[in-house]
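Novice: Submitted below is the structure of interest, expressed as C-alpha cells.
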Amino acid sequence: MGQTGEVFSIVKYAKIFFVLIILSVCIASFTACSSTRYYTVFNTNLTVDIKSSSTPKQDADKIYEYMNDLESILSPTVENSDLWRINSAEVGVPVSCHTETMEIMRIAEYVFDKSNGAYDPSVYPLVLLWQFGGGQFKAVGSDFTPPSSSDISDKLSLVGLNRAFNADYDNNTITKLIQGAKLDFGGIAKGYAGDFATDTVSAKKLLVNLGGNISVKGKNYTIGVANPTRREDRSFGTAYFGTLTLGDGECISTSGDYERYYVVNTESGKEFYHHIIDPKTGRPANTSGEGGIVSATVVSTNGAFADAVATAVVVLGKEKGLDLLNRLSQEGRYPVSAVLIDGEFGYTTFNLDDFKPER
Amino acid sequence: MKRTETTSGKGKSMLKSMFKWGDALLLVVVIVAVVLTIILATGHKSQYAEVYIDGELKYQLDLNVDTTLEILDGKMTVKVENGKVFVEHSDCDEQLCVHSSPIGKDGGMIVCLPNKVVIKTVSKKVDAIT
C-alpha cells in the first residue's frame with residue numbers, strides 16, 4: 001500500500017513539474033536570461049548581447065566598465081593614459097606601462113614584422129595630419145584640405161615601429177627613440193578589448209560588438225559582413241554583403257575605406273580620402289580596382305591580431321594581402337581566415353568555407 | 001486500489017495511467033502556447049525598428065507604417081518610409097547618422113554617438129554586422 005501511494009504522488013508531481021518547467025522556460029527565455037544593451041566607449045558604439053546569464057544587465061555593465069578602464073589606459077587622447085605618456089615622453093626615457101599595453105604592443109610588433117610594416121601603430125603622426133584622430137574626424141560639413149606633400153614627408157620620417165620605439169617586456173616599458181614619434185593602438189585596441197571582455201563575465205553565451213569588432217562565446221553566431229559602400233553611393237539593397245558563422249571563442253574584425261573618409265569636390269569630380277593611411281606613402285591606402293581592397297574581414301581567436309591583420313590587408317591590397325594571410329597561417333601562431341572585397345566589389349575568401357554572399 | 005492494479009500490470013498501462021487524455025490535451029495546449037509565444041515574439045521584432053536612447057529602449061516603430069518621429073525634443077527626426085527606417089535630421093556635428101543607409105527587415109544599425117541614439121532592426125538571419 002505504501003508503494004502505491006508513492007507511485008501515485010510521483011506521477012502527480014511529475015505532471016505539475018512538467019508544466020512548471022515549460023512555463024519557466026517560456027518566461028525565462030523572454031526575460032531574465034536574454035538581454036541586449038548599448039553603450040558608447042572607445043569613441044564608438046558597444047553592443048552587448050547576452051543569451052544565458054542570471055544577471056545579464058550586470059554582466060553587460062561589467063563589460064562596459066572593463067572597456068572604459070581599458071580606454072583610459074590605451075587612448076592617446078586621454079590624459080595620463082599609457083599612450084598619452086609614451087607620446088609626450090622625451091626620447092630615451094622608458095615609460096612604464098600596464099600589462100594590457102604590453103600585450104597589445106607584442107601583437108602589434110608581430111603583425112608589423114610579418115606585414116613588412118603595412119600595419120604600423122607609429123603611423124599616428126600621419127593620422128593626425130590627415131585629421132582622422134579621435135575627436136578630429138567629422139563626416140560632413142568640414143572644409144577638408146589634404147595635407148601638402150612636404151608635410152607628409154616630414155611626418156613620414158617619424159614612422160616605423162621598429163626604429164621609433166623600443167619595447168622592454170621584462171620591465172614593461174616602452175621607450176621612444178625618435179623625437180616627435182607617436183603611437184596609437186586605434187587599429188588594434190578595439191579588437192583586444194572585445195576579445196578579453198567576453199572573459200570578464202560568467203555569462204555562458206554572449207556576443208560583444210565594439211564598432212564592428214565582434215567576439216562571441218558559447219554558441220555559433222551568424223555575422224553579416226557590411227556592404228563596403230560609401231554613403232554617397234548606396235547601390236546595394238541589403239545591409240550586408242554576405243554572412244559567415246562565428247564560433248565559440250572566435251573574434252572578427254573588419255577594416256575598410258567606406259566609413260571614415262573625407263570628400264573633396266574638385267573640378268574633375270569628387271575625391272575621397274579614407275582613414276587607413278599607408279605607412280610607406282603617408283597617404284590613404286590605394287583601394288581601387290580589382291587589386292585594391294575596400295574591405296578586409298579577418299576571423300581569429302585573438303581579437304587584437306584580427307584587427308591589426310585586417311588593417312594590414314587593406315594597406316597591402318589583394319595580392320600582397322593574401323601573401324600575408326598565407327604567411328601568418330603557415331606560421332600558425334593564431335588561426336586566421338578572411339573575406340576580402342576588392343575595389344570592383346568582387347570577393348575572395350581565405351581559409352573560410354561558410355561565407356555566403358548575399359548577391 | 002484500481003490504480004495499483006494497473007500500474008503493477010503491464011508497462012503500457014503504467015504510461016497510460018501517468019498521462020491521461022486530459023493531461024495530453026493540457027500538454028498540447030501548453031506546447032502550442034509556447035510555440036505561438038516564440039513565433040510572435042521573434043516574428044514581431046523583425047517588423048519593428050527599435051530606438052534606444054542612452055542604452056534604453058525608448059520607441060518601437062512599425063516598419064510597415066510610414067511615420068515621422070521627433071526624439072530628444074526635436075534634436076533628431078527619425079522616419080519610417082517604404083519599410084525602412086532612417087534619420088532625417090540630427091543636430092549633431094558628425095552627421096554620420098543622417099548619412100547612414102536606411103535599414104529594414106534584413107537587419108542593421110544606425111548610430112548617433114553625440115546624441116547617444118541607436119536605431120536597430122532585428123534580423124532573423126544575422127546576429128551582428130562587422
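Convention: chains lettered A, B, ... in C-alpha cells order; per-chain residue numbering from 1; ligands numbered from 1 as shown.
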What residues in chain B lie within 6 Å of chain A, counting only C-alpha atoms, written as an MDAnalysis selection string?
Specialist: chainID B and resid 4 18 55 94 99 126:130
Novice: Atoms to include: C-alpha atoms. Write the selected residues as a short mmCIF file (atom, residue, chain, number, x, y, z; two decimals), in the first residue's frame.
Specialist:
```cif
data_model
loop_
_atom_site.label_atom_id
_atom_site.label_comp_id
_atom_site.auth_asym_id
_atom_site.auth_seq_id
_atom_site.Cartn_x
_atom_site.Cartn_y
_atom_site.Cartn_z
CA THR B 4 -2.42 -0.09 -8.06
CA MET B 18 0.71 8.65 -15.93
CA GLY B 55 21.17 52.48 -23.90
CA GLU B 94 29.26 64.39 -37.24
CA HIS B 99 24.17 59.79 -43.94
CA VAL B 126 22.28 37.78 -38.75
CA ASP B 127 23.19 38.38 -35.10
CA ALA B 128 25.58 41.29 -35.78
CA ILE B 129 27.30 43.13 -38.62
CA THR B 130 31.06 43.70 -38.84
#
```
Novice: Quick one: everything within 12 Å of Asn82 (chain B), counting only C-alpha atoms, minus sequence neighbours fewer than 2 positions away in the same chain. Send it as a PDB file with C-alpha atoms, in the first residue's frame.
Specialist:
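And here is the file that came out, result.pdb:
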```pdb
ATOM      1  CA  ASP B  62       6.345  49.547 -37.055  1.00  0.00           C
ATOM      2  CA  LEU B  63       8.263  49.226 -40.318  1.00  0.00           C
ATOM      3  CA  ASN B  64       5.046  48.693 -42.233  1.00  0.00           C
ATOM      4  CA  VAL B  65       3.640  52.074 -41.205  1.00  0.00           C
ATOM      5  CA  ASP B  66       5.204  55.247 -42.604  1.00  0.00           C
ATOM      6  CA  THR B  67       5.836  57.574 -39.660  1.00  0.00           C
ATOM      7  CA  LYS B  79      11.468  58.491 -40.299  1.00  0.00           C
ATOM      8  CA  VAL B  80       9.952  55.211 -41.476  1.00  0.00           C
ATOM      9  CA  LYS B  84      12.874  51.190 -43.909  1.00  0.00           C
ATOM     10  CA  VAL B  85      13.935  53.492 -41.109  1.00  0.00           C
ATOM     11  CA  PHE B  86      16.455  56.344 -41.322  1.00  0.00           C
ATOM     12  CA  PRO B 102      18.168  53.250 -44.323  1.00  0.00           C
ATOM     13  CA  ILE B 103      17.747  49.895 -42.570  1.00  0.00           C
ATOM     14  CA  GLY B 104      14.890  47.442 -42.953  1.00  0.00           C
ATOM     15  CA  LYS B 105      13.882  43.886 -42.183  1.00  0.00           C
TER      16      LYS B 105
END
```
Novice: What separation in Å, quoted to one decimal, exists between CA of Asn172 (chain A) and CA of Cys251 (chain A)?
Specialist: 26.3 Å
Novice: Taking the backbone alone, and naming residues the way the document does, which bits of region 45-96 of chain B are strand (DSSP E or B) by DSSP, as number ranges by chain?
Specialist: B: 48-53, 56-62, 67-71, 76-81, 84-90
Novice: Using only C-alpha atoms, which protein or nucleic acid residues come within 6 Å of region 106-108 of chain B? Drop anything in the same chain fewer than 5 positions from it, and give the result as an MDAnalysis selection string.
Specialist: chainID B and resid 120:123
Novice: Which is closest to Leu96 (chain B) among A:Lys114, A:Glu90, A:Tyr262, A:Asn68, if we use only C-alpha atoms?
Specialist: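 Looking only at the distances to Leu96 (chain B), the closest residue turns out to be A:Tyr262.
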Novice: DSSP says helix (DSSP H, G or I) for which residues of chain B? Put them as a VMD selection string?
Specialist: chain B and resid 2 to 8 11 to 18 21 to 46
